[in-house]
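This is work-v2.tsv. It holds TSV, C-alpha atoms.
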```tsv
chain	number	residue	atom	x	y	z
L	132	MET	CA	53.30	78.69	57.14
L	133	ILE	CA	53.78	80.32	53.71
L	134	GLU	CA	49.99	80.53	53.21
L	135	MET	CA	49.57	82.06	56.66
L	136	LEU	CA	52.34	84.60	55.97
L	137	SER	CA	50.76	85.51	52.63
L	138	GLU	CA	47.39	85.92	54.34
L	139	VAL	CA	48.89	88.08	57.10
L	140	LEU	CA	50.71	90.31	54.60
L	141	SER	CA	47.49	90.67	52.59
L	142	SER	CA	45.59	91.60	55.75
L	143	MET	CA	48.31	94.12	56.68
L	144	GLY	CA	48.02	95.68	53.20
L	145	HIS	CA	44.28	96.27	53.69
L	146	ASN	CA	44.75	97.79	57.15
L	147	LYS	CA	47.74	100.11	56.66
L	148	THR	CA	46.74	102.72	59.23
L	149	ARG	CA	46.28	100.14	61.98
L	150	ILE	CA	49.53	98.37	61.05
L	151	LEU	CA	51.49	101.62	60.99
L	152	LEU	CA	50.16	102.61	64.41
L	153	THR	CA	51.06	99.22	65.86
L	154	GLY	CA	54.45	99.18	64.17
L	155	PHE	CA	55.25	102.71	65.27
L	156	SER	CA	54.73	101.73	68.91
L	157	VAL	CA	57.13	98.81	68.51
L	158	GLY	CA	59.78	100.64	66.48
L	159	TRP	CA	59.65	103.76	68.66
L	160	GLY	CA	60.12	101.71	71.83
L	161	ILE	CA	63.18	99.88	70.42
L	162	PHE	CA	64.60	103.09	68.93
L	163	LEU	CA	64.32	105.01	72.21
L	164	LEU	CA	65.82	102.14	74.19
L	165	ILE	CA	68.88	101.98	71.93
L	166	VAL	CA	69.36	105.75	71.89
L	167	MET	CA	68.94	105.96	75.67
L	168	LEU	CA	71.41	103.16	76.36
L	169	GLY	CA	73.85	104.42	73.72
L	170	SER	CA	73.80	107.98	75.04
L	171	GLY	CA	74.18	106.72	78.60
L	172	ASN	CA	77.14	104.56	77.61
L	173	GLY	CA	78.73	107.55	75.86
L	174	ILE	CA	78.46	109.68	79.00
L	175	ILE	CA	79.70	106.86	81.26
L	176	ASN	CA	82.65	106.07	78.98
L	177	GLY	CA	83.59	109.75	78.87
L	178	ILE	CA	83.47	110.08	82.65
L	179	GLU	CA	85.48	106.89	83.15
L	180	ASN	CA	88.12	108.07	80.68
L	181	GLY	CA	88.31	111.39	82.49
L	182	PHE	CA	88.48	110.16	86.07
L	183	ILE	CA	89.84	106.64	85.84
L	184	GLY	CA	93.28	106.14	84.32
L	185	THR	CA	94.77	103.11	82.68
L	186	ASP	CA	95.20	101.44	86.06
L	187	ASN	CA	92.50	101.51	88.69
L	188	ASN	CA	94.58	101.20	91.85
L	189	ILE	CA	97.67	103.36	92.07
L	190	ILE	CA	99.30	103.73	95.47
L	191	THR	CA	101.74	106.60	95.86
L	192	VAL	CA	104.32	106.43	98.64
L	193	ALA	CA	106.27	109.58	99.49
L	194	PRO	CA	108.95	110.06	102.18
L	195	GLY	CA	108.39	112.52	105.02
L	196	LYS	CA	109.75	113.35	108.47
L	197	THR	CA	109.29	111.38	111.67
L	198	MET	CA	106.92	112.51	114.43
L	199	TYR	CA	108.28	110.13	117.06
L	200	ALA	CA	111.75	109.12	118.21
L	201	ALA	CA	112.19	105.43	117.39
L	202	GLY	CA	114.78	103.03	116.00
L	203	GLY	CA	117.60	105.45	116.62
L	204	ARG	CA	115.82	108.27	114.78
L	205	GLN	CA	115.07	111.63	116.34
L	206	VAL	CA	111.86	113.62	115.95
L	207	GLY	CA	111.94	115.43	112.61
L	208	SER	CA	114.35	112.96	111.04
L	209	LYS	CA	113.99	112.83	107.25
L	210	VAL	CA	113.18	109.50	105.59
L	211	ASP	CA	114.76	108.84	102.18
L	212	PHE	CA	113.72	106.50	99.37
L	213	TYR	CA	116.13	104.85	96.92
L	214	PHE	CA	115.89	102.73	93.76
L	215	SER	CA	116.67	99.66	95.85
L	216	ASP	CA	113.41	100.22	97.78
L	217	CYS	CA	111.44	99.67	94.56
L	218	LYS	CA	113.07	96.30	93.99
L	219	GLU	CA	112.60	95.27	97.61
L	220	LEU	CA	108.90	96.20	97.52
L	221	GLN	CA	108.43	94.11	94.39
L	222	ARG	CA	110.21	91.19	96.04
L	223	ARG	CA	108.21	91.47	99.29
L	224	PHE	CA	104.73	91.70	97.68
L	225	PRO	CA	104.92	89.81	94.35
L	226	ASP	CA	101.24	88.78	94.37
L	227	VAL	CA	99.92	92.32	94.81
L	228	ILE	CA	102.40	94.66	93.16
L	229	ARG	CA	102.32	94.56	89.37
L	230	LYS	CA	105.04	97.18	89.03
L	231	THR	CA	106.77	99.96	90.96
L	232	MET	CA	107.67	103.25	89.36
L	233	PRO	CA	110.31	105.52	90.94
L	234	GLU	CA	109.97	109.26	90.46
L	235	MET	CA	112.41	112.15	90.73
L	236	ASP	CA	111.22	115.72	90.42
L	237	THR	CA	112.55	119.21	90.86
L	238	THR	CA	111.86	122.72	89.60
L	239	VAL	CA	113.90	123.95	86.63
L	240	GLN	CA	114.05	126.99	84.40
L	241	VAL	CA	112.98	126.41	80.81
L	242	ASN	CA	114.18	128.81	78.13
L	243	CYS	CA	112.70	129.05	74.65
L	244	GLY	CA	113.69	132.11	72.67
L	245	ASN	CA	112.98	135.09	74.87
L	246	ASP	CA	110.52	133.16	77.05
L	247	HIS	CA	111.68	131.95	80.47
L	248	ILE	CA	109.49	129.94	82.83
L	249	ASN	CA	110.07	127.91	85.98
L	250	VAL	CA	108.32	124.54	85.77
L	251	PRO	CA	108.53	121.15	87.52
L	252	ILE	CA	110.39	118.40	85.70
L	253	PHE	CA	109.51	114.78	86.45
L	254	GLY	CA	111.96	111.98	85.85
L	255	TYR	CA	110.21	108.67	85.29
L	256	GLU	CA	110.29	105.28	83.64
L	257	THR	CA	108.06	104.03	80.81
L	258	ASP	CA	104.24	103.91	81.12
L	259	TYR	CA	104.23	106.65	83.73
L	260	LEU	CA	101.81	109.10	82.09
L	261	GLY	CA	98.86	106.72	82.38
L	262	LEU	CA	99.35	106.68	86.16
L	263	ARG	CA	98.88	110.45	86.14
L	264	SER	CA	95.74	110.25	83.96
L	265	ARG	CA	97.52	111.65	80.92
L	266	TYR	CA	98.12	110.44	77.39
L	267	VAL	CA	100.43	111.48	74.56
L	268	SER	CA	98.33	113.43	72.07
L	269	ASP	CA	101.19	114.29	69.67
L	270	GLY	CA	104.51	112.59	69.10
L	271	ARG	CA	105.59	109.74	71.37
L	272	ASP	CA	106.23	108.87	74.99
L	273	ILE	CA	109.58	108.33	76.66
L	274	SER	CA	111.01	104.98	75.53
L	275	GLN	CA	113.14	102.42	77.32
L	276	LEU	CA	116.00	103.28	74.96
L	277	ASP	CA	115.76	106.94	76.06
L	278	ILE	CA	116.08	105.77	79.66
L	279	ASN	CA	118.92	103.34	79.01
L	280	GLU	CA	120.99	105.93	77.13
L	281	GLY	CA	120.04	108.89	79.34
L	282	ARG	CA	118.88	110.92	76.35
L	283	LYS	CA	117.98	114.59	76.72
L	284	VAL	CA	114.45	114.22	75.44
L	285	CYS	CA	111.17	115.23	77.09
L	286	VAL	CA	107.41	115.21	76.90
L	287	VAL	CA	105.72	118.53	77.69
L	288	THR	CA	102.15	119.14	78.82
L	289	ALA	CA	99.84	120.84	76.35
L	290	PRO	CA	99.59	124.08	78.42
L	291	LEU	CA	103.40	124.38	78.51
L	292	ALA	CA	103.62	123.69	74.76
L	293	LYS	CA	101.07	126.44	74.12
L	294	ARG	CA	102.95	128.85	76.38
L	295	LEU	CA	106.28	128.23	74.65
L	296	PHE	CA	105.22	127.73	71.02
L	297	HIS	CA	101.70	129.20	70.91
L	298	ASP	CA	99.90	127.43	68.03
L	299	ALA	CA	103.02	125.93	66.44
L	300	ASP	CA	103.80	122.21	66.64
L	301	ALA	CA	105.97	121.56	69.70
L	302	VAL	CA	107.15	118.07	68.68
L	303	GLY	CA	110.67	118.25	67.24
L	304	GLN	CA	111.40	121.63	68.83
L	305	ARG	CA	114.24	122.19	71.26
L	306	ILE	CA	114.14	123.92	74.62
L	307	LYS	CA	116.85	124.77	77.11
L	308	VAL	CA	116.58	123.46	80.65
L	309	TYR	CA	119.17	125.66	82.29
L	310	ASN	CA	122.10	125.11	79.91
L	311	ASN	CA	120.98	121.70	78.65
L	312	SER	CA	119.26	121.37	75.27
L	313	PHE	CA	116.25	119.03	75.34
L	314	LEU	CA	114.38	117.67	72.31
L	315	ILE	CA	110.59	117.59	72.68
L	316	VAL	CA	109.38	114.18	71.49
L	317	GLY	CA	105.76	114.38	72.64
L	318	VAL	CA	102.92	116.50	74.00
L	319	ALA	CA	100.77	115.14	76.85
L	320	LYS	CA	97.16	115.95	77.62
L	321	SER	CA	94.97	115.14	80.59
L	322	TYR	CA	92.11	112.65	80.20
L	323	SER	CA	89.88	115.06	82.14
L	324	GLY	CA	90.47	117.82	79.59
L	325	ASN	CA	90.91	120.39	82.38
L	326	ASP	CA	94.70	120.28	82.64
L	327	GLU	CA	96.39	123.61	83.37
L	328	GLU	CA	99.66	122.20	84.66
L	329	LYS	CA	102.78	123.45	82.90
L	330	SER	CA	105.37	120.73	83.38
L	331	LEU	CA	107.69	118.44	81.48
L	332	TYR	CA	108.62	114.77	81.75
L	333	ALA	CA	112.00	113.26	80.99
L	334	PRO	CA	113.82	109.91	81.40
L	335	ILE	CA	114.59	109.33	85.07
L	336	THR	CA	118.24	108.59	84.26
L	337	THR	CA	118.58	111.96	82.54
L	338	VAL	CA	117.00	113.86	85.43
L	339	LYS	CA	119.17	112.00	87.94
L	340	ASN	CA	122.42	112.66	86.06
L	341	LEU	CA	121.71	116.35	85.45
L	342	PHE	CA	119.94	117.57	88.57
L	343	PHE	CA	120.69	115.14	91.42
L	344	ARG	CA	123.89	114.08	93.14
L	345	ASN	CA	122.43	110.92	94.68
L	346	ASP	CA	119.80	108.23	94.14
L	347	LYS	CA	117.14	109.73	96.41
L	348	LEU	CA	113.61	109.48	95.04
L	349	ALA	CA	110.77	111.96	95.38
L	350	SER	CA	108.19	109.17	95.54
L	351	ILE	CA	107.36	105.64	94.47
L	352	SER	CA	104.18	104.78	92.58
L	353	ILE	CA	102.82	101.26	92.97
L	354	VAL	CA	100.38	99.65	90.54
L	355	ALA	CA	98.50	97.12	92.68
L	356	ASP	CA	96.44	94.11	91.58
L	357	ASN	CA	94.15	91.62	93.34
L	358	LEU	CA	92.71	94.22	95.72
L	359	ASP	CA	88.94	94.05	95.26
L	360	THR	CA	87.67	95.63	98.47
L	361	GLU	CA	88.43	98.70	100.56
L	362	GLU	CA	89.40	96.42	103.46
L	363	ALA	CA	91.99	94.57	101.36
L	364	ASN	CA	93.33	97.85	100.00
L	365	GLU	CA	93.62	99.38	103.48
L	366	LYS	CA	95.38	96.26	104.78
L	367	PHE	CA	97.91	96.41	101.96
L	368	MET	CA	98.58	100.11	102.60
L	369	GLN	CA	99.30	99.25	106.23
L	370	SER	CA	101.66	96.51	105.05
L	371	ILE	CA	103.55	99.05	102.96
L	372	ARG	CA	103.86	101.38	105.96
L	373	LEU	CA	105.09	98.51	108.12
L	374	PHE	CA	107.63	97.52	105.44
L	375	PHE	CA	109.15	100.99	105.39
L	376	ALA	CA	108.99	101.28	109.20
L	377	GLU	CA	111.10	98.11	109.44
L	378	SER	CA	113.55	99.02	106.66
L	379	LYS	CA	113.94	102.71	107.59
L	380	GLY	CA	113.75	102.37	111.37
L	381	PHE	CA	110.76	104.48	112.42
L	382	SER	CA	107.59	103.71	114.39
L	383	PRO	CA	104.83	101.89	112.43
L	384	LYS	CA	102.35	104.34	114.02
L	385	ASP	CA	104.20	107.32	112.54
L	386	GLU	CA	101.98	108.40	109.64
L	387	LYS	CA	104.13	111.42	108.83
L	388	ALA	CA	107.33	109.43	108.23
L	389	VAL	CA	105.87	107.86	105.07
L	390	LYS	CA	102.78	109.19	103.30
L	391	VAL	CA	100.75	106.47	101.62
L	392	ASN	CA	97.91	107.52	99.31
L	393	SER	CA	95.70	105.30	97.16
L	394	SER	CA	93.40	106.09	94.24
L	395	PHE	CA	91.37	102.95	95.00
L	396	GLU	CA	88.80	104.64	97.23
L	397	PHE	CA	88.21	107.34	94.63
L	398	PHE	CA	87.96	104.66	91.94
L	399	LEU	CA	85.33	102.80	94.00
L	400	GLN	CA	83.32	106.00	94.43
L	401	ILE	CA	83.39	106.69	90.70
L	402	ARG	CA	82.52	103.06	89.94
L	403	ASN	CA	79.54	103.16	92.33
L	404	VAL	CA	78.31	106.37	90.69
L	405	MET	CA	78.68	104.78	87.26
L	406	ASN	CA	76.81	101.65	88.36
L	407	ALA	CA	73.98	103.79	89.75
L	408	LEU	CA	73.88	105.73	86.48
L	409	ARG	CA	73.74	102.50	84.48
L	410	ILE	CA	70.82	101.24	86.61
L	411	PHE	CA	69.01	104.55	86.17
L	412	ILE	CA	69.49	104.46	82.39
L	413	TRP	CA	68.22	100.87	82.25
L	414	ILE	CA	65.15	101.81	84.32
L	415	ILE	CA	64.35	104.66	81.93
L	416	GLY	CA	65.02	102.42	78.93
L	417	LEU	CA	62.83	99.59	80.23
L	418	ALA	CA	60.10	102.09	81.10
L	419	THR	CA	60.25	103.30	77.50
L	420	LEU	CA	60.05	99.69	76.33
L	421	CYS	CA	57.02	99.12	78.58
L	422	ILE	CA	55.28	102.11	77.00
L	423	GLY	CA	55.80	100.41	73.64
L	424	VAL	CA	54.39	97.17	75.05
L	425	VAL	CA	51.31	98.99	76.32
L	426	GLY	CA	50.91	100.58	72.91
L	427	ILE	CA	51.04	97.17	71.23
L	428	SER	CA	48.48	95.75	73.66
L	429	ASN	CA	46.02	98.59	73.15
L	430	ILE	CA	46.31	98.60	69.38
L	431	MET	CA	46.06	94.79	69.15
L	432	LEU	CA	42.92	94.93	71.30
L	433	ILE	CA	41.41	97.50	68.97
L	434	SER	CA	42.59	95.50	65.96
L	435	VAL	CA	40.79	92.34	67.09
L	436	LYS	CA	37.62	94.30	67.88
L	437	GLU	CA	37.66	95.80	64.36
L	438	ARG	CA	38.12	92.34	62.86
L	439	ILE	CA	35.46	90.60	64.96
L	440	LYS	CA	33.17	90.22	61.93
L	441	GLU	CA	36.06	88.84	59.83
L	442	LEU	CA	36.91	86.36	62.56
L	443	GLY	CA	33.24	85.40	62.83
L	444	VAL	CA	33.13	84.64	59.10
L	445	ARG	CA	36.26	82.50	59.44
L	446	LYS	CA	34.66	80.62	62.31
L	447	ALA	CA	31.45	80.14	60.30
L	448	MET	CA	33.52	78.69	57.46
L	449	GLY	CA	34.95	76.05	59.80
L	450	ALA	CA	38.09	77.68	61.20
L	451	SER	CA	38.86	76.44	64.67
L	452	SER	CA	39.58	78.67	67.66
L	453	GLY	CA	43.24	77.56	67.56
L	454	GLU	CA	43.62	78.57	63.91
L	455	ILE	CA	42.13	82.01	64.58
L	456	ILE	CA	44.43	82.53	67.58
L	457	ARG	CA	47.48	81.42	65.55
L	458	LEU	CA	46.56	83.84	62.75
L	459	VAL	CA	46.29	86.80	65.12
L	460	LEU	CA	49.47	85.82	66.96
L	461	PHE	CA	51.40	85.36	63.72
L	462	GLU	CA	50.30	88.78	62.53
L	463	SER	CA	51.36	90.27	65.87
L	464	VAL	CA	54.81	88.63	65.64
L	465	VAL	CA	55.33	89.72	62.01
L	466	ILE	CA	54.48	93.33	62.88
L	467	THR	CA	56.71	93.28	65.95
L	468	VAL	CA	59.69	91.76	64.12
L	469	ILE	CA	59.50	94.02	61.07
L	470	PHE	CA	59.03	97.31	62.88
L	471	GLY	CA	61.25	96.25	65.77
L	472	TYR	CA	64.17	95.75	63.41
L	473	ILE	CA	63.40	99.01	61.63
L	474	GLY	CA	63.59	100.79	65.00
L	475	MET	CA	66.75	98.84	65.81
L	476	LEU	CA	68.49	99.80	62.56
L	477	ILE	CA	67.60	103.47	62.91
L	478	GLY	CA	68.72	103.50	66.57
L	479	VAL	CA	72.01	101.70	65.87
L	480	GLY	CA	72.61	103.93	62.86
L	481	LEU	CA	72.10	107.06	64.97
L	482	THR	CA	74.47	105.86	67.72
L	483	GLN	CA	77.12	104.99	65.11
L	484	LEU	CA	76.69	108.43	63.57
L	485	LEU	CA	77.12	110.02	67.00
L	486	LYS	CA	80.25	107.91	67.55
L	487	GLY	CA	81.75	109.07	64.26
L	488	VAL	CA	80.94	112.72	64.95
L	489	THR	CA	82.30	112.71	68.51
L	490	ASP	CA	85.48	110.85	67.52
L	491	SER	CA	86.18	113.27	64.67
L	492	VAL	CA	85.32	116.45	66.57
L	493	LEU	CA	86.50	115.62	70.10
L	494	GLY	CA	89.09	112.95	69.33
L	495	VAL	CA	89.32	109.31	70.34
L	496	ASN	CA	90.42	110.27	73.86
L	497	ASN	CA	87.55	112.69	74.47
L	498	THR	CA	86.06	112.74	77.95
L	499	ILE	CA	82.65	114.22	77.13
L	500	PHE	CA	80.81	111.70	74.96
L	501	CYS	CA	82.88	108.60	74.19
L	502	ASN	CA	81.77	105.60	72.12
L	503	PRO	CA	77.95	106.00	72.47
L	504	THR	CA	77.07	102.52	71.21
L	505	VAL	CA	75.06	99.54	72.47
L	506	ASN	CA	76.05	95.88	72.51
L	507	LEU	CA	74.36	93.75	69.86
L	508	SER	CA	73.21	91.29	72.53
L	509	VAL	CA	71.25	94.06	74.27
L	510	VAL	CA	69.55	94.99	71.01
L	511	LEU	CA	68.61	91.38	70.25
L	512	ILE	CA	67.28	90.85	73.79
L	513	ALA	CA	65.16	93.99	73.48
L	514	ASN	CA	63.71	92.72	70.20
L	515	ALA	CA	63.01	89.32	71.77
L	516	ILE	CA	61.20	91.03	74.65
L	517	MET	CA	59.06	92.96	72.18
L	518	VAL	CA	58.24	89.77	70.25
L	519	VAL	CA	57.16	87.98	73.45
L	520	CYS	CA	55.11	91.01	74.49
L	521	GLY	CA	53.59	91.10	71.02
L	522	LEU	CA	52.54	87.46	71.42
L	523	ILE	CA	50.95	88.17	74.80
L	524	ALA	CA	49.31	91.34	73.47
L	525	GLY	CA	47.83	89.44	70.55
L	526	TYR	CA	46.83	86.32	72.46
L	527	ILE	CA	44.59	87.94	75.08
L	528	PRO	CA	42.17	89.69	72.67
L	529	ALA	CA	42.35	86.78	70.19
L	530	LYS	CA	41.39	84.29	72.90
L	531	LYS	CA	38.53	86.57	73.93
L	532	ALA	CA	37.36	86.85	70.32
L	533	THR	CA	37.07	83.07	69.96
L	534	THR	CA	34.64	82.95	72.88
L	535	VAL	CA	32.19	85.35	71.22
L	536	LYS	CA	29.05	83.62	69.93
L	537	LEU	CA	28.91	83.09	66.18
L	538	VAL	CA	25.74	85.20	65.75
L	539	ASP	CA	27.23	88.08	67.73
L	540	ALA	CA	30.50	87.84	65.81
L	541	LEU	CA	28.72	88.05	62.47
L	542	ALA	CA	26.78	91.03	63.79
L	543	GLY	CA	30.07	92.68	64.84
L	544	ILE	CA	29.31	92.50	68.55
L	545	SER	CA	32.38	91.73	70.72
```

Conversion result in structure tokens:
Amino acid sequence: MIEMLSEVLSSMGHNKTRILLTGFSVGWGIFLLIVMLGSGNGIINGIENGFIGTDNNIITVAPGKTMYAAGGRQVGSKVDFYFSDCKELQRRFPDVIRKTMPEMDTTVQVNCGNDHINVPIFGYETDYLGLRSRYVSDGRDISQLDINEGRKVCVVTAPLAKRLFHDADAVGQRIKVYNNSFLIVGVAKSYSGNDEEKSLYAPITTVKNLFFRNDKLASISIVADNLDTEEANEKFMQSIRLFFAESKGFSPKDEKAVKVNSSFEFFLQIRNVMNALRIFIWIIGLATLCIGVVGISNIMLISVKERIKELGVRKAMGASSGEIIRLVLFESVVITVIFGYIGMLIGVGLTQLLKGVTDSVLGVNNTIFCNPTVNLSVVLIANAIMVVCGLIAGYIPAKKATTVKLVDALAGIS
């Protein structure tokens, strides 16, 4: 093996142009595949971060007014939600509902210096921002301690922070909500990057105590699990409607009494688009890899034709057909492995460079080009494919060369 490797390396040293052409085809194919897949993953990750929140299936239930007279209710009767409804939902559907999140909201006047603006305030529990496709970019989120103690703290959206404080840091500043002083503990941004909403978020206990005289909720958000199909999701939404129809006394057919909306259908649409995009990227990547394979085949064919006299001399000196084939195949594998890994290293290095640049310029939560990298397993599989193709590309012309008559081989006739 060592003698064969030494012989192959010596042969490669005497045929640098041919080796470089062959190696370039291999390395270029691997490099393009990695860059294509990495760039595609970056785009897909950015889109998913922008359109798909922390949880994939969020069902929002909001109270409305009845359309039909039923259960003692008149037409136009208002349905109300309470905190107890959240607990009862969790008890009724423990296998599907991961958590319920009550929400209270109203419009308030925010004062900061000489600036006055009317904005919505949302009272919520912990982990609410992810349900609304937002994240805390500066400071912190509302904590359970804030909720337990009813603290006058809030998280403001980035557009509201810019309106009130311009380019100054909003975290740690105080604003007046009517006559109540609130401390800003965080600034929230949208994953999509297109957020223009000026609003603030506060502990639900604080909002309830300051702005509401009762326990009525504006809506209930449900984080659902174990719903893998549209049919299962639709069935569960009907179960929620039936639950409220029974507990609130309205007709199950009354779609206006309780409004049930799910993000699951939108999530499925985005997921299908992403899957189609992944398939398209793989097709382009594999096509690029095939071009490299064709390049290897053509160059190996030319290589064997150029070496027909050398192979004839080897055969005249007693080398068997199997030894000649093994020599050509070994050279093909060595070239494929060396230049394949060179292409791999350059491609991986470029994707890592892109990752560093995008993370530093756009931030970790960017929704344009996020984490444009490729799994190591994909890279190794691509190299294995190129090695196998290199074997096939070398075997066919080598096998043909061994069938050439000795006289013709010495004369250089293939």

Quiz item: Which neighbours of range 520-524 of chain L fall inside 10 Å, counting only C-alpha atoms, when residues of the same chain fewer than 5 positions from it are skipped, and could you give them as a ChimeraX atom specification?
Solution: /L:153,157,421,423-432,457,459-468,514-515,529

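Here the question is which of L:Asn242, L:Ser208, L:Thr489, L:Asn506 gets nearest to Val166 in chain L using only C-alpha atoms, and that residue is L:Asn506.
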
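Nearest to Thr360 in chain L of all the residues L:Gln240, L:Gln400, L:Thr191, L:Ser268 is L:Gln400, based on all atoms listed in the file.
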
Quiz item: Do you know which residues are at most 6 Å from Ile189 in chain L counting all atoms listed in the file, after dropping those on the same chain fewer than 4 positions away, and could you put them as a PyMOL selection string?
Solution: chain L and resi 353-354+393-394

Keeping only C-alpha atoms, write the selected residues to a file as a PDB file, in the coordinates of the input.
```
ATOM      1  CA  ILE L 353     102.820 101.260  92.970  1.00  0.00           C
ATOM      2  CA  VAL L 354     100.380  99.650  90.540  1.00  0.00           C
ATOM      3  CA  SER L 393      95.700 105.300  97.160  1.00  0.00           C
ATOM      4  CA  SER L 394      93.400 106.090  94.240  1.00  0.00           C
TER       5      SER L 394
END
```

Practice problem: Please indicate the distance in Å from CA of Ala201 in chain L to CA of Ser378 in chain L, rounded to one decimal place. | Solution: 12.6 Å

Quiz item: Restricting the calculation to only C-alpha atoms, which member of L:Gly525, L:Gly487, L:Gly254, L:Gly474 is positioned closest to Leu164 in chain L?
Solution: L:Gly474

Quiz prompt | Atom-to-atom span, CA of Leu420 in chain L and CA of Lys531 in chain L, Å | solution = 25.3 Å

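Nearest-residue note for Met475 in chain L: choosing from L:Leu276, L:Ile422, L:Leu348, L:Ile512, the minimum distance belongs to L:Ile512, counting all atoms listed in the file.
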
Quiz item: Nearest to Asn403 in chain L: which of L:Ile175, L:Leu341, L:Leu458, L:Leu314 is it, counting all atoms listed in the file?
Solution: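 Among the listed residues, the smallest separation from Asn403 in chain L belongs to L:Ile175.
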
Quiz item: Leaving out Asn245 in chain L and any residue of its chain fewer than 4 positions from it, which residues lie within 12 Å of it when counting all atoms listed in the file, given as a PyMOL selection string?
Solution: chain L and resi 241+294-296+306-307

Give me a file of those residues, with C-alpha atoms, as a PDB file, in the coordinates of the input.
```pdb
ATOM      1  CA  VAL L 241     112.980 126.410  80.810  1.00  0.00           C
ATOM      2  CA  ARG L 294     102.950 128.850  76.380  1.00  0.00           C
ATOM      3  CA  LEU L 295     106.280 128.230  74.650  1.00  0.00           C
ATOM      4  CA  PHE L 296     105.220 127.730  71.020  1.00  0.00           C
ATOM      5  CA  ILE L 306     114.140 123.920  74.620  1.00  0.00           C
ATOM      6  CA  LYS L 307     116.850 124.770  77.110  1.00  0.00           C
TER       7      LYS L 307
END
```

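Closest approach to Met235 in chain L among L:Ser451, L:Asn345, L:Asn310, L:Asn364 is made by L:Asn345 (distances from only C-alpha atoms).
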
Quiz item: Contacts of Gly171 in chain L at 8 Å or less, counting all atoms listed in the file, minus same-chain residues fewer than 2 places along, as an MDAnalysis selection string?
Solution: chainID L and resid 167:169 173:175 408:409 412 503

Which polymer residues have any atom within 9 Å of an atom of Ala289 in chain L, counting all atoms listed in the file, with same-chain residues fewer than 3 positions away left out, as an mmCIF file with C-alpha atoms, in the frame of the given file?
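The resulting file, selection01.cif, is reproduced below:
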```
data_model
loop_
_atom_site.group_PDB
_atom_site.id
_atom_site.type_symbol
_atom_site.label_atom_id
_atom_site.label_comp_id
_atom_site.auth_asym_id
_atom_site.auth_seq_id
_atom_site.Cartn_x
_atom_site.Cartn_y
_atom_site.Cartn_z
ATOM 1 C CA SER L 268 98.330 113.430 72.070
ATOM 2 C CA ALA L 292 103.620 123.690 74.760
ATOM 3 C CA LYS L 293 101.070 126.440 74.120
ATOM 4 C CA ARG L 294 102.950 128.850 76.380
ATOM 5 C CA VAL L 318 102.920 116.500 74.000
ATOM 6 C CA ALA L 319 100.770 115.140 76.850
ATOM 7 C CA LYS L 320 97.160 115.950 77.620
ATOM 8 C CA SER L 321 94.970 115.140 80.590
ATOM 9 C CA ASP L 326 94.700 120.280 82.640
ATOM 10 C CA GLU L 327 96.390 123.610 83.370
ATOM 11 C CA GLU L 328 99.660 122.200 84.660
ATOM 12 C CA LYS L 329 102.780 123.450 82.900
ATOM 13 C CA SER L 330 105.370 120.730 83.380
#
```

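Of note, CA of Met368 in chain L and CA of Val391 in chain L are spaced 6.8 Å apart.
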
Exercise: residues within 10 Å of coordinate (112.8, 108.2, 107.2), counting all atoms listed in the file, as a tab-separated table (two decimals) with C-alpha atoms, in the frame of the given file:
```tsv
chain	number	residue	atom	x	y	z
L	194	PRO	CA	108.95	110.06	102.18
L	195	GLY	CA	108.39	112.52	105.02
L	196	LYS	CA	109.75	113.35	108.47
L	197	THR	CA	109.29	111.38	111.67
L	204	ARG	CA	115.82	108.27	114.78
L	207	GLY	CA	111.94	115.43	112.61
L	208	SER	CA	114.35	112.96	111.04
L	209	LYS	CA	113.99	112.83	107.25
L	210	VAL	CA	113.18	109.50	105.59
L	211	ASP	CA	114.76	108.84	102.18
L	212	PHE	CA	113.72	106.50	99.37
L	375	PHE	CA	109.15	100.99	105.39
L	376	ALA	CA	108.99	101.28	109.20
L	378	SER	CA	113.55	99.02	106.66
L	379	LYS	CA	113.94	102.71	107.59
L	380	GLY	CA	113.75	102.37	111.37
L	381	PHE	CA	110.76	104.48	112.42
L	382	SER	CA	107.59	103.71	114.39
L	387	LYS	CA	104.13	111.42	108.83
L	388	ALA	CA	107.33	109.43	108.23
L	389	VAL	CA	105.87	107.86	105.07
```

Please complete range 524-529 of chain L so it has N, CA and C atoms, and hand it over as a PDB file, in the frame of the given file.
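So the final result, stored in result-v9.pdb, reads:
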```
ATOM      1  N   ALA L 524      50.281  90.293  73.820  1.00  0.00           N
ATOM      2  CA  ALA L 524      49.310  91.340  73.470  1.00  0.00           C
ATOM      3  C   ALA L 524      48.302  90.843  72.439  1.00  0.00           C
ATOM      4  N   GLY L 525      48.757  89.956  71.557  1.00  0.00           N
ATOM      5  CA  GLY L 525      47.830  89.440  70.550  1.00  0.00           C
ATOM      6  C   GLY L 525      46.984  88.291  71.068  1.00  0.00           C
ATOM      7  N   TYR L 526      47.531  87.510  72.000  1.00  0.00           N
ATOM      8  CA  TYR L 526      46.830  86.320  72.460  1.00  0.00           C
ATOM      9  C   TYR L 526      45.576  86.660  73.278  1.00  0.00           C
ATOM     10  N   ILE L 527      45.710  87.623  74.161  1.00  0.00           N
ATOM     11  CA  ILE L 527      44.590  87.940  75.080  1.00  0.00           C
ATOM     12  C   ILE L 527      43.337  88.351  74.308  1.00  0.00           C
ATOM     13  N   PRO L 528      43.411  89.352  73.401  1.00  0.00           N
ATOM     14  CA  PRO L 528      42.170  89.690  72.670  1.00  0.00           C
ATOM     15  C   PRO L 528      41.733  88.602  71.695  1.00  0.00           C
ATOM     16  N   ALA L 529      42.718  87.851  71.123  1.00  0.00           N
ATOM     17  CA  ALA L 529      42.350  86.780  70.190  1.00  0.00           C
ATOM     18  C   ALA L 529      41.599  85.681  70.912  1.00  0.00           C
TER      19      ALA L 529
END
```
